[in-house]
file work_4.tsv (TSV, C-alpha atoms and all ligand atoms)
chain	number	residue	atom	x	y	z
L	1030	MET	CA	-35.26	0.99	23.40
L	1031	ARG	CA	-32.24	1.99	25.44
L	1032	GLN	CA	-30.00	-0.18	23.29
L	1033	ALA	CA	-31.42	1.41	20.13
L	1034	VAL	CA	-30.79	4.87	21.59
L	1035	LEU	CA	-27.20	3.95	22.46
L	1036	ARG	CA	-26.58	2.63	18.95
L	1037	ALA	CA	-28.00	5.81	17.44
L	1038	LEU	CA	-25.94	7.98	19.80
L	1039	ASP	CA	-22.85	6.01	18.85
L	1040	GLU	CA	-23.46	6.76	15.18
L	1041	VAL	CA	-24.12	10.46	15.60
L	1042	THR	CA	-21.14	11.06	17.90
L	1043	ALA	CA	-18.68	9.07	15.75
L	1044	PRO	CA	-15.40	10.98	15.21
L	1045	GLN	CA	-15.61	13.28	12.19
L	1046	PRO	CA	-12.88	14.80	10.03
L	1047	GLY	CA	-12.37	18.32	11.35
L	1048	CYS	CA	-13.56	17.55	14.87
L	1049	PRO	CA	-10.53	17.51	17.19
L	1050	GLN	CA	-9.99	14.12	18.81
L	1051	ARG	CA	-10.01	15.67	22.29
L	1052	LEU	CA	-13.42	17.25	21.68
L	1053	SER	CA	-14.83	14.05	20.27
L	1054	ASP	CA	-13.44	12.09	23.25
L	1055	ALA	CA	-14.95	14.51	25.78
L	1056	MET	CA	-18.36	14.45	24.10
L	1057	ARG	CA	-18.41	10.66	23.96
L	1058	TYR	CA	-17.05	10.34	27.51
L	1059	SER	CA	-20.12	12.14	28.86
L	1060	VAL	CA	-22.68	10.77	26.41
L	1061	PHE	CA	-21.74	7.14	27.13
L	1062	ALA	CA	-21.41	7.51	30.90
L	1063	PRO	CA	-24.07	5.25	32.41
L	1064	GLY	CA	-27.20	7.43	32.45
L	1065	LYS	CA	-30.77	6.17	32.76
L	1066	ARG	CA	-31.83	7.54	29.32
L	1067	VAL	CA	-35.25	8.48	30.69
L	1068	ARG	CA	-35.83	11.32	28.22
L	1069	PRO	CA	-35.06	9.43	24.99
L	1070	VAL	CA	-37.10	6.46	26.14
L	1071	LEU	CA	-40.00	8.83	26.86
L	1072	THR	CA	-39.72	10.12	23.29
L	1073	LEU	CA	-39.92	6.60	21.88
L	1074	LEU	CA	-42.75	5.57	24.21
L	1075	ALA	CA	-44.78	8.67	23.35
L	1076	CYS	CA	-44.40	7.81	19.66
L	1077	GLU	CA	-45.54	4.25	20.36
L	1078	ALA	CA	-48.44	5.38	22.58
L	1079	VAL	CA	-49.95	7.35	19.70
L	1080	SER	CA	-49.59	4.28	17.44
L	1081	GLY	CA	-46.47	5.48	15.65
L	1082	THR	CA	-43.41	3.37	14.81
L	1083	TRP	CA	-41.01	4.20	17.63
L	1084	GLU	CA	-37.92	3.77	15.45
L	1085	ASN	CA	-39.04	6.87	13.52
L	1086	ALA	CA	-38.56	8.91	16.68
L	1087	LEU	CA	-34.91	7.88	17.23
L	1088	PRO	CA	-33.45	11.15	15.86
L	1089	ALA	CA	-35.52	13.13	18.39
L	1090	ALA	CA	-34.64	10.67	21.16
L	1091	CYS	CA	-30.93	11.19	20.40
L	1092	ALA	CA	-31.34	14.95	20.19
L	1093	VAL	CA	-32.98	15.27	23.59
L	1094	GLU	CA	-30.32	13.10	25.24
L	1095	LEU	CA	-27.57	15.22	23.65
L	1096	ILE	CA	-29.14	18.38	25.09
L	1097	HIS	CA	-29.53	16.70	28.46
L	1098	VAL	CA	-25.87	15.60	28.51
L	1099	TYR	CA	-24.72	19.11	27.56
L	1100	SER	CA	-26.75	20.49	30.47
L	1101	LEU	CA	-25.17	18.01	32.88
L	1102	ILE	CA	-21.64	18.90	31.70
L	1103	HIS	CA	-22.27	22.62	32.08
L	1104	ASP	CA	-24.12	22.18	35.38
L	1105	ASP	CA	-21.08	20.41	36.83
L	1106	LEU	CA	-18.63	23.19	35.89
L	1107	PRO	CA	-16.89	25.13	38.67
L	1108	CYS	CA	-18.85	28.28	37.78
L	1109	MET	CA	-22.15	26.41	38.21
L	1110	ASP	CA	-22.56	23.51	40.66
L	1111	ASP	CA	-18.84	22.65	40.79
L	1112	ASP	CA	-19.20	18.89	40.98
L	1113	GLN	CA	-16.60	16.15	40.70
L	1114	LEU	CA	-18.81	13.12	40.15
L	1115	ARG	CA	-21.52	12.47	37.56
L	1116	ARG	CA	-23.06	9.22	36.43
L	1117	GLY	CA	-20.60	7.41	38.67
L	1118	GLN	CA	-17.49	8.83	37.05
L	1119	PRO	CA	-15.38	12.01	37.21
L	1120	THR	CA	-17.23	14.96	35.67
L	1121	CYS	CA	-16.19	16.05	32.18
L	1122	HIS	CA	-14.09	19.03	33.36
L	1123	VAL	CA	-12.31	16.84	35.93
L	1124	GLN	CA	-11.53	14.14	33.38
L	1125	PHE	CA	-10.51	16.63	30.67
L	1126	ASP	CA	-10.36	20.33	31.65
L	1127	GLU	CA	-12.76	23.20	32.00
L	1128	ALA	CA	-12.38	24.64	28.51
L	1129	THR	CA	-12.78	21.24	26.87
L	1130	ALA	CA	-15.87	20.52	28.98
L	1131	CYS	CA	-17.44	23.87	27.97
L	1132	LEU	CA	-16.77	23.14	24.33
L	1133	ALA	CA	-18.01	19.55	24.56
L	1134	GLY	CA	-21.30	20.89	25.94
L	1135	ASP	CA	-21.48	23.53	23.20
L	1136	SER	CA	-20.90	20.91	20.52
L	1137	LEU	CA	-23.54	18.59	21.94
L	1138	GLN	CA	-26.15	21.35	21.69
L	1139	MET	CA	-25.39	21.97	18.05
L	1140	LEU	CA	-25.18	18.26	17.32
L	1141	ALA	CA	-28.73	17.85	18.64
L	1142	ILE	CA	-30.00	20.37	16.11
L	1143	GLU	CA	-27.86	18.84	13.36
L	1144	VAL	CA	-29.30	15.37	14.02
L	1145	LEU	CA	-32.89	16.65	13.82
L	1146	CYS	CA	-32.20	18.60	10.62
L	1147	GLN	CA	-30.32	15.79	8.92
L	1148	GLN	CA	-32.40	12.80	9.91
L	1149	LEU	CA	-36.01	14.00	9.83
L	1150	PRO	CA	-38.18	15.17	6.93
L	1151	ALA	CA	-37.97	18.98	6.72
L	1152	GLU	CA	-41.41	19.77	8.14
L	1153	LEU	CA	-40.97	17.48	11.14
L	1154	ALA	CA	-37.38	18.65	11.65
L	1155	ILE	CA	-38.58	22.24	11.93
L	1156	ARG	CA	-41.32	21.32	14.40
L	1157	CYS	CA	-38.89	19.29	16.54
L	1158	CYS	CA	-36.26	22.08	16.43
L	1159	GLN	CA	-38.93	24.51	17.62
L	1160	ILE	CA	-39.96	22.26	20.50
L	1161	LEU	CA	-36.43	21.38	21.59
L	1162	SER	CA	-34.81	24.80	21.23
L	1163	ARG	CA	-37.63	26.41	23.17
L	1164	ALA	CA	-37.40	23.85	25.99
L	1165	ALA	CA	-33.62	24.19	26.17
L	1166	GLY	CA	-33.57	27.96	25.90
L	1167	ARG	CA	-33.67	31.13	27.95
L	1168	CYS	CA	-37.23	30.78	29.24
L	1169	HIS	CA	-36.93	27.13	30.24
L	1170	LEU	CA	-33.78	25.04	30.84
L	1171	VAL	CA	-31.31	27.92	30.86
L	1172	GLY	CA	-33.65	30.40	32.57
L	1173	GLY	CA	-34.56	27.79	35.18
L	1174	GLN	CA	-30.88	27.15	35.82
L	1175	LEU	CA	-30.20	30.86	36.30
L	1176	ASP	CA	-33.09	31.20	38.73
L	1177	ASP	CA	-31.85	28.14	40.58
L	1178	LEU	CA	-28.47	29.83	41.03
L	1179	ALA	CA	-30.26	33.03	42.03
L	1180	ALA	CA	-32.18	31.11	44.68
L	1181	GLU	CA	-28.82	30.11	46.19
L	1182	GLY	CA	-28.13	33.82	46.59
L	1183	ARG	CA	-25.44	33.97	43.89
L	1184	PHE	CA	-26.51	37.32	42.52
L	1185	GLY	CA	-27.51	39.14	45.68
L	1186	ASP	CA	-31.09	40.04	46.47
L	1187	VAL	CA	-32.56	39.35	43.05
L	1188	PHE	CA	-35.86	38.34	44.59
L	1189	GLY	CA	-36.35	41.86	45.79
L	1190	ARG	CA	-35.81	43.33	42.36
L	1191	SER	CA	-37.50	41.14	39.83
L	1192	GLY	CA	-41.21	40.87	39.25
L	1193	ASP	CA	-40.59	37.41	37.81
L	1194	PHE	CA	-40.19	35.73	41.15
L	1195	PRO	CA	-43.30	34.93	43.12
L	1196	ARG	CA	-42.70	35.37	46.86
L	1197	ALA	CA	-44.24	33.22	49.55
L	1198	ALA	CA	-47.10	35.16	51.08
L	1199	THR	CA	-45.96	34.67	54.66
L	1200	ASP	CA	-42.23	35.21	55.09
L	1201	GLY	CA	-41.18	37.18	52.03
L	1202	GLN	CA	-38.77	34.40	51.09
L	1203	PRO	CA	-38.97	32.53	47.79
L	1204	GLY	CA	-41.08	29.47	48.55
L	1205	LEU	CA	-42.82	26.48	47.05
L	1206	GLU	CA	-44.35	28.42	44.20
L	1207	PHE	CA	-40.96	29.74	43.17
L	1208	LEU	CA	-39.38	26.30	43.46
L	1209	GLN	CA	-42.06	24.92	41.17
L	1210	HIS	CA	-41.50	27.80	38.76
L	1211	ILE	CA	-37.80	26.87	38.59
L	1212	HIS	CA	-38.30	23.17	38.19
L	1213	HIS	CA	-41.04	23.31	35.60
L	1214	ARG	CA	-38.43	25.03	33.47
L	1215	LYS	CA	-35.14	23.43	34.58
L	1216	THR	CA	-36.32	19.83	34.68
L	1217	GLY	CA	-39.90	19.65	33.40
L	1218	ALA	CA	-39.56	21.45	30.08
L	1219	LEU	CA	-37.06	19.00	28.58
L	1220	ILE	CA	-39.11	16.03	29.75
L	1221	GLU	CA	-42.24	17.57	28.23
L	1222	ALA	CA	-40.33	18.29	25.00
L	1223	SER	CA	-39.19	14.65	24.83
L	1224	LEU	CA	-42.82	13.55	24.88
L	1225	GLN	CA	-44.08	16.23	22.50
L	1226	MET	CA	-41.48	15.30	19.87
L	1227	GLY	CA	-42.25	11.60	20.24
L	1228	GLY	CA	-45.98	12.26	19.93
L	1229	LEU	CA	-45.49	14.50	16.93
L	1230	LEU	CA	-43.33	11.95	15.12
L	1231	GLY	CA	-45.90	9.25	15.85
L	1232	GLY	CA	-48.69	11.31	14.29
L	1233	ALA	CA	-50.47	12.45	17.48
L	1234	ASN	CA	-53.55	14.66	17.21
L	1235	ALA	CA	-54.03	17.82	19.31
L	1236	GLU	CA	-55.85	16.00	22.11
L	1237	MET	CA	-53.07	13.42	22.40
L	1238	LEU	CA	-50.39	16.13	22.46
L	1239	LYS	CA	-52.30	17.90	25.24
L	1240	SER	CA	-52.46	14.69	27.28
L	1241	LEU	CA	-48.74	14.12	26.76
L	1242	ALA	CA	-48.10	17.70	27.93
L	1243	VAL	CA	-50.04	17.18	31.18
L	1244	TYR	CA	-48.31	13.82	31.70
L	1245	GLY	CA	-44.91	15.42	31.02
L	1246	GLN	CA	-45.43	18.40	33.33
L	1247	SER	CA	-46.54	16.10	36.13
L	1248	ILE	CA	-43.75	13.56	35.86
L	1249	GLY	CA	-41.24	16.37	35.29
L	1250	LEU	CA	-42.03	17.89	38.65
L	1251	ALA	CA	-42.25	14.47	40.32
L	1252	PHE	CA	-38.81	13.69	38.88
L	1253	GLN	CA	-37.30	16.78	40.48
L	1254	ILE	CA	-39.00	16.21	43.84
L	1255	VAL	CA	-37.65	12.64	43.91
L	1256	ASP	CA	-34.23	13.98	42.89
L	1257	ASP	CA	-34.31	16.31	45.91
L	1258	CYS	CA	-35.34	13.44	48.21
L	1259	LEU	CA	-32.62	11.14	46.85
L	1260	ASP	CA	-30.03	13.85	47.43
L	1261	ARG	CA	-30.93	13.63	51.12
L	1262	GLU	CA	-31.41	9.89	51.45
L	1263	SER	CA	-28.82	8.21	49.21
L	1264	THR	CA	-25.11	7.50	49.06
L	1265	SER	CA	-22.73	8.53	46.27
L	1266	GLU	CA	-22.54	4.85	45.19
L	1267	GLN	CA	-26.32	4.73	44.72
L	1268	LEU	CA	-26.56	8.15	43.10
L	1269	GLY	CA	-23.42	8.21	40.98
L	1270	LYS	CA	-23.05	11.85	42.04
L	1271	THR	CA	-22.25	13.73	45.23
L	1272	PRO	CA	-25.11	13.37	47.76
L	1273	GLN	CA	-26.25	15.93	50.40
L	1274	LYS	CA	-25.04	18.76	48.20
L	1275	ASP	CA	-28.29	20.66	48.39
L	1276	ALA	CA	-28.18	20.83	52.19
L	1277	ARG	CA	-24.50	21.81	52.22
L	1278	GLN	CA	-25.19	24.63	49.78
L	1279	GLY	CA	-28.24	25.70	51.77
L	1280	LYS	CA	-30.29	25.13	48.65
L	1281	MET	CA	-34.05	25.52	48.62
L	1282	THR	CA	-35.50	22.08	47.84
L	1283	TYR	CA	-38.83	20.32	48.34
L	1284	PRO	CA	-37.63	18.42	51.45
L	1285	SER	CA	-36.12	21.60	52.92
L	1286	LEU	CA	-39.41	23.47	52.45
L	1287	ILE	CA	-42.02	20.84	53.28
L	1288	GLY	CA	-40.08	17.83	54.64
L	1289	LEU	CA	-39.30	14.41	53.16
L	1290	ASP	CA	-42.66	12.74	53.83
L	1291	ALA	CA	-44.73	15.54	52.32
L	1292	SER	CA	-42.34	15.69	49.35
L	1293	ARG	CA	-42.71	11.98	48.66
L	1294	LYS	CA	-46.51	12.32	48.94
L	1295	MET	CA	-46.48	15.21	46.52
L	1296	ALA	CA	-44.47	13.14	44.01
L	1297	VAL	CA	-46.94	10.24	44.32
L	1298	GLY	CA	-49.85	12.65	43.73
L	1299	LEU	CA	-48.17	14.04	40.62
L	1300	VAL	CA	-47.61	10.54	39.25
L	1301	GLU	CA	-51.33	9.80	39.77
L	1302	ARG	CA	-52.17	12.99	37.86
L	1303	ALA	CA	-49.74	11.96	35.11
L	1304	CYS	CA	-51.29	8.50	34.78
L	1305	ALA	CA	-54.83	9.92	34.72
L	1306	ALA	CA	-53.81	12.04	31.72
L	1307	LEU	CA	-52.93	8.85	29.83
L	1308	SER	CA	-56.52	7.57	29.70
L	1309	VAL	CA	-56.88	8.84	26.12
L	1310	PHE	CA	-54.31	6.21	25.02
L	1311	GLY	CA	-56.02	3.18	26.59
L	1312	GLU	CA	-53.75	0.11	26.64
L	1313	SER	CA	-51.12	1.91	24.57
L	1314	GLY	CA	-50.31	4.16	27.54
L	1315	THR	CA	-49.27	1.28	29.83
L	1316	LYS	CA	-45.52	1.69	29.34
L	1317	LEU	CA	-45.72	5.44	30.01
L	1318	GLU	CA	-47.55	4.58	33.24
L	1319	MET	CA	-44.72	2.24	34.18
L	1320	ILE	CA	-42.12	4.95	33.53
L	1321	ALA	CA	-44.09	7.35	35.74
L	1322	GLN	CA	-44.00	4.76	38.50
L	1323	PHE	CA	-40.27	4.21	37.94
L	1324	ILE	CA	-39.70	7.92	38.47
L	1325	VAL	CA	-40.95	7.79	42.07
L	1326	ASP	CA	-39.49	4.35	42.82
L	1327	ARG	CA	-36.02	5.00	41.41
L	1328	LYS	CA	-32.97	4.90	43.65
L	1329	SER	CA	-30.58	6.91	41.45
K	1401	LIG	C1	-26.37	24.21	32.60
K	1401	LIG	C2	-28.24	25.23	31.23
K	1401	LIG	C3	-27.80	24.30	32.28
K	1401	LIG	C4	-28.72	23.58	32.91
K	1401	LIG	C5	-28.41	22.57	33.93
K	1401	LIG	C6	-29.10	19.45	34.33
K	1401	LIG	C7	-29.27	20.66	35.12
K	1401	LIG	C8	-29.65	21.95	34.44
K	1401	LIG	C9	-29.02	20.61	36.40
K	1401	LIG	C10	-28.55	19.35	37.08
K	1401	LIG	C11	-28.98	19.34	38.46
K	1401	LIG	C12	-30.29	18.67	38.66
K	1401	LIG	C13	-30.40	17.86	39.88
K	1401	LIG	C14	-31.28	18.80	37.81
K	1401	LIG	C15	-32.63	18.26	37.97
K	1401	LIG	C16	-32.87	16.85	37.59
K	1401	LIG	C17	-31.94	16.29	36.65
K	1401	LIG	C18	-31.80	16.94	35.35
K	1401	LIG	C19	-31.31	15.20	37.03
K	1401	LIG	C20	-30.39	14.47	36.17
K	1401	LIG	O1	-31.13	13.72	35.25
K	1401	LIG	P1	-31.16	12.13	35.26
K	1401	LIG	O2	-31.42	11.63	36.67
K	1401	LIG	O3	-29.65	11.84	34.90
K	1401	LIG	O4	-32.07	11.66	34.19
K	1401	LIG	P2	-29.02	10.64	34.04
K	1401	LIG	O5	-27.56	10.71	34.39
K	1401	LIG	O6	-29.65	9.34	34.48
K	1401	LIG	O7	-29.29	10.98	32.62
call {"tool": "encode", "arguments": {"input": "work_4.tsv", "output": "structure tokens"}}
result
Amino acid sequence: MRQAVLRALDEVTAPQPGCPQRLSDAMRYSVFAPGKRVRPVLTLLACEAVSGTWENALPAACAVELIHVYSLIHDDLPCMDDDQLRRGQPTCHVQFDEATACLAGDSLQMLAIEVLCQQLPAELAIRCCQILSRAAGRCHLVGGQLDDLAAEGRFGDVFGRSGDFPRAATDGQPGLEFLQHIHHRKTGALIEASLQMGGLLGGANAEMLKSLAVYGQSIGLAFQIVDDCLDRESTSEQLGKTPQKDARQGKMTYPSLIGLDASRKMAVGLVERACAALSVFGESGTKLEMIAQFIVDRKS
């Protein structure tokens, strides 16, 4: 499935008349950096789990990876996380420059929508655009990112001013509930959208879509918790990005709030919840179960 996704991504990012070579190069540099492709594979597996033909979900698989890559490029920018290393290679703005990296991310967002609109039947294209744009928008990916920056203290005492941010009952500081609120949106929403689009394109009924949503929310959070743990435990060679950044930035993470052991246990519990939600698919859910397990076992 990964190979099929890479072939499809190669086609949709092929240089086009009118697209400056530098922009095309920057987009392709980040898209073809060695990522795991978890989200597109989830799209294809969700389609297969509901007895669809997974190849039919390739446009949505490409689209979600394009959005994900844009978010990585923008997250690495100096005004955001200011990182030099991503997927084992220099970040887009280091390899090119800041303006090119911004524009490469912008183009990838629009390309995702273009792929859905051009490659899917109109009705399904609209449904997928709704799912993906919502997950990538102000209340989810982007909003989660802003709150994550706010939690670092970037914008002063926002927690004191906004009713949006649940406070921990005991110390008045943003706590576990707030962290979950961020990550459901910053990490979980795109993972859930990957599955919803795959299910939709495979012909899922409402019950199946609900099960995929529960599965997606659970593995989405587990994914982030494991990401936080790996940031503490791994080397830059293993991760392909700068480790220990969270601690250096004094970032609120699962391990910093509840410790590594409890974080790992929480991730395992979420994966169990995710797998239980797959019962509606019987044997067809086996590969999704394996991906859930991969999410807690992964080393990068
Ligand atoms: C800039 C709007 C905007 C959002 C940025 C991507 C992101 C949101 C932040 C990156 C920091 C981070 C640790 C996010 C949580 C988990 C995550 C998205 C990890 C990266 O995804 P992987 O591990 O990466 O699937 P690969 O490279 O394998 O695709």
call {"tool": "residues_around", "arguments": {"input": "work_4.tsv", "residues": "Leu1268 in chain L", "least_positions_apart": "2", "cutoff": "10 Å", "atoms": "only C-alpha atoms", "output": "PDB file with C-alpha atoms, in the frame of the given file"}}
result
ATOM      1  CA  LEU L1114     -18.810  13.120  40.150  1.00  0.00           C
ATOM      2  CA  ARG L1115     -21.520  12.470  37.560  1.00  0.00           C
ATOM      3  CA  ARG L1116     -23.060   9.220  36.430  1.00  0.00           C
ATOM      4  CA  GLY L1117     -20.600   7.410  38.670  1.00  0.00           C
ATOM      5  CA  ASP L1256     -34.230  13.980  42.890  1.00  0.00           C
ATOM      6  CA  LEU L1259     -32.620  11.140  46.850  1.00  0.00           C
ATOM      7  CA  ASP L1260     -30.030  13.850  47.430  1.00  0.00           C
ATOM      8  CA  GLU L1262     -31.410   9.890  51.450  1.00  0.00           C
ATOM      9  CA  SER L1263     -28.820   8.210  49.210  1.00  0.00           C
ATOM     10  CA  THR L1264     -25.110   7.500  49.060  1.00  0.00           C
ATOM     11  CA  SER L1265     -22.730   8.530  46.270  1.00  0.00           C
ATOM     12  CA  GLU L1266     -22.540   4.850  45.190  1.00  0.00           C
ATOM     13  CA  LYS L1270     -23.050  11.850  42.040  1.00  0.00           C
ATOM     14  CA  THR L1271     -22.250  13.730  45.230  1.00  0.00           C
ATOM     15  CA  PRO L1272     -25.110  13.370  47.760  1.00  0.00           C
ATOM     16  CA  LYS L1328     -32.970   4.900  43.650  1.00  0.00           C
ATOM     17  CA  SER L1329     -30.580   6.910  41.450  1.00  0.00           C
TER      18      SER L1329
END
call {"tool": "residues_near_ligand", "arguments": {"input": "work_4.tsv", "ligand": "ligand LIG 1401 (chain K)", "cutoff": "6 Å", "atoms": "only C-alpha atoms and all ligand atoms", "output": "list in words"}}
result
Gly1064, Lys1065, Arg1066, Val1067, Ser1100, Leu1101, His1103, Asp1104, Arg1116, Leu1170, Val1171, Gln1174, Lys1215, Thr1216 and Gln1253 of chain L
call {"tool": "write_last_selection", "arguments": {"input": "work_4.tsv", "atoms": "C-alpha atoms", "output": "mmCIF file, keeping the file's coordinate frame"}}
result
data_model
loop_
_atom_site.group_PDB
_atom_site.id
_atom_site.type_symbol
_atom_site.label_atom_id
_atom_site.label_comp_id
_atom_site.auth_asym_id
_atom_site.auth_seq_id
_atom_site.Cartn_x
_atom_site.Cartn_y
_atom_site.Cartn_z
ATOM 1 C CA GLY L 1064 -27.200 7.430 32.450
ATOM 2 C CA LYS L 1065 -30.770 6.170 32.760
ATOM 3 C CA ARG L 1066 -31.830 7.540 29.320
ATOM 4 C CA VAL L 1067 -35.250 8.480 30.690
ATOM 5 C CA SER L 1100 -26.750 20.490 30.470
ATOM 6 C CA LEU L 1101 -25.170 18.010 32.880
ATOM 7 C CA HIS L 1103 -22.270 22.620 32.080
ATOM 8 C CA ASP L 1104 -24.120 22.180 35.380
ATOM 9 C CA ARG L 1116 -23.060 9.220 36.430
ATOM 10 C CA LEU L 1170 -33.780 25.040 30.840
ATOM 11 C CA VAL L 1171 -31.310 27.920 30.860
ATOM 12 C CA GLN L 1174 -30.880 27.150 35.820
ATOM 13 C CA LYS L 1215 -35.140 23.430 34.580
ATOM 14 C CA THR L 1216 -36.320 19.830 34.680
ATOM 15 C CA GLN L 1253 -37.300 16.780 40.480
#
call {"tool": "atom_distance", "arguments": {"input": "work_4.tsv", "atom1": "CA of Lys1316 in chain L", "atom2": "CA of Val1243 in chain L"}}
result
16.2 Å
call {"tool": "closest_residue", "arguments": {"input": "work_4.tsv", "among": "L:Leu1175, L:Val1255, L:Cys1146, L:Val1060", "to": "Val1034 in chain L", "atoms": "only C-alpha atoms"}}
result
L:Val1060
call {"tool": "atom_distance", "arguments": {"input": "work_4.tsv", "atom1": "CA of Leu1224 in chain L", "atom2": "CA of Ala1242 in chain L"}}
result
7.4 Å
call {"tool": "closest_residue", "arguments": {"input": "work_4.tsv", "among": "L:Asp1054, L:Glu1221, L:Glu1152, L:Glu1206", "to": "His1169 in chain L", "atoms": "all atoms listed in the file"}}
result
L:Glu1221
call {"tool": "closest_residue", "arguments": {"input": "work_4.tsv", "among": "L:Gln1273, L:Ser1223, L:Ser1285, L:Thr1042", "to": "Met1139 in chain L", "atoms": "all atoms listed in the file"}}
result
L:Thr1042
call {"tool": "residues_near_point", "arguments": {"input": "work_4.tsv", "point": "(-47.9, 16.6, 23.6)", "cutoff": "7 Å", "atoms": "all atoms listed in the file", "output": "list in words"}}
result
Leu1224, Gln1225, Gly1228, Met1237, Leu1238, Lys1239, Ser1240, Leu1241 and Ala1242 of chain L
call {"tool": "closest_atom_pairs", "arguments": {"input": "work_4.tsv", "of": "range 1038-1088 of chain L", "to": "range 1154-1157 of chain L", "cutoff": "12 Å", "atoms": "all atoms listed in the file", "output": "CSV"}}
result
residue,atom,partner,partner_atom,distance
L:Thr1072,CA,L:Cys1157,CA,11.4
L:Ala1086,CA,L:Cys1157,CA,10.4
L:Pro1088,CA,L:Ala1154,CA,9.5
call {"tool": "closest_residue", "arguments": {"input": "work_4.tsv", "among": "L:Leu1307, L:Leu1038, L:Val1070, L:Ala1130", "to": "Ala1055 in chain L", "atoms": "all atoms listed in the file"}}
result
L:Ala1130
call {"tool": "atom_distance", "arguments": {"input": "work_4.tsv", "atom1": "CA of Thr1082 in chain L", "atom2": "CA of Arg1163 in chain L"}}
result
25.2 Å
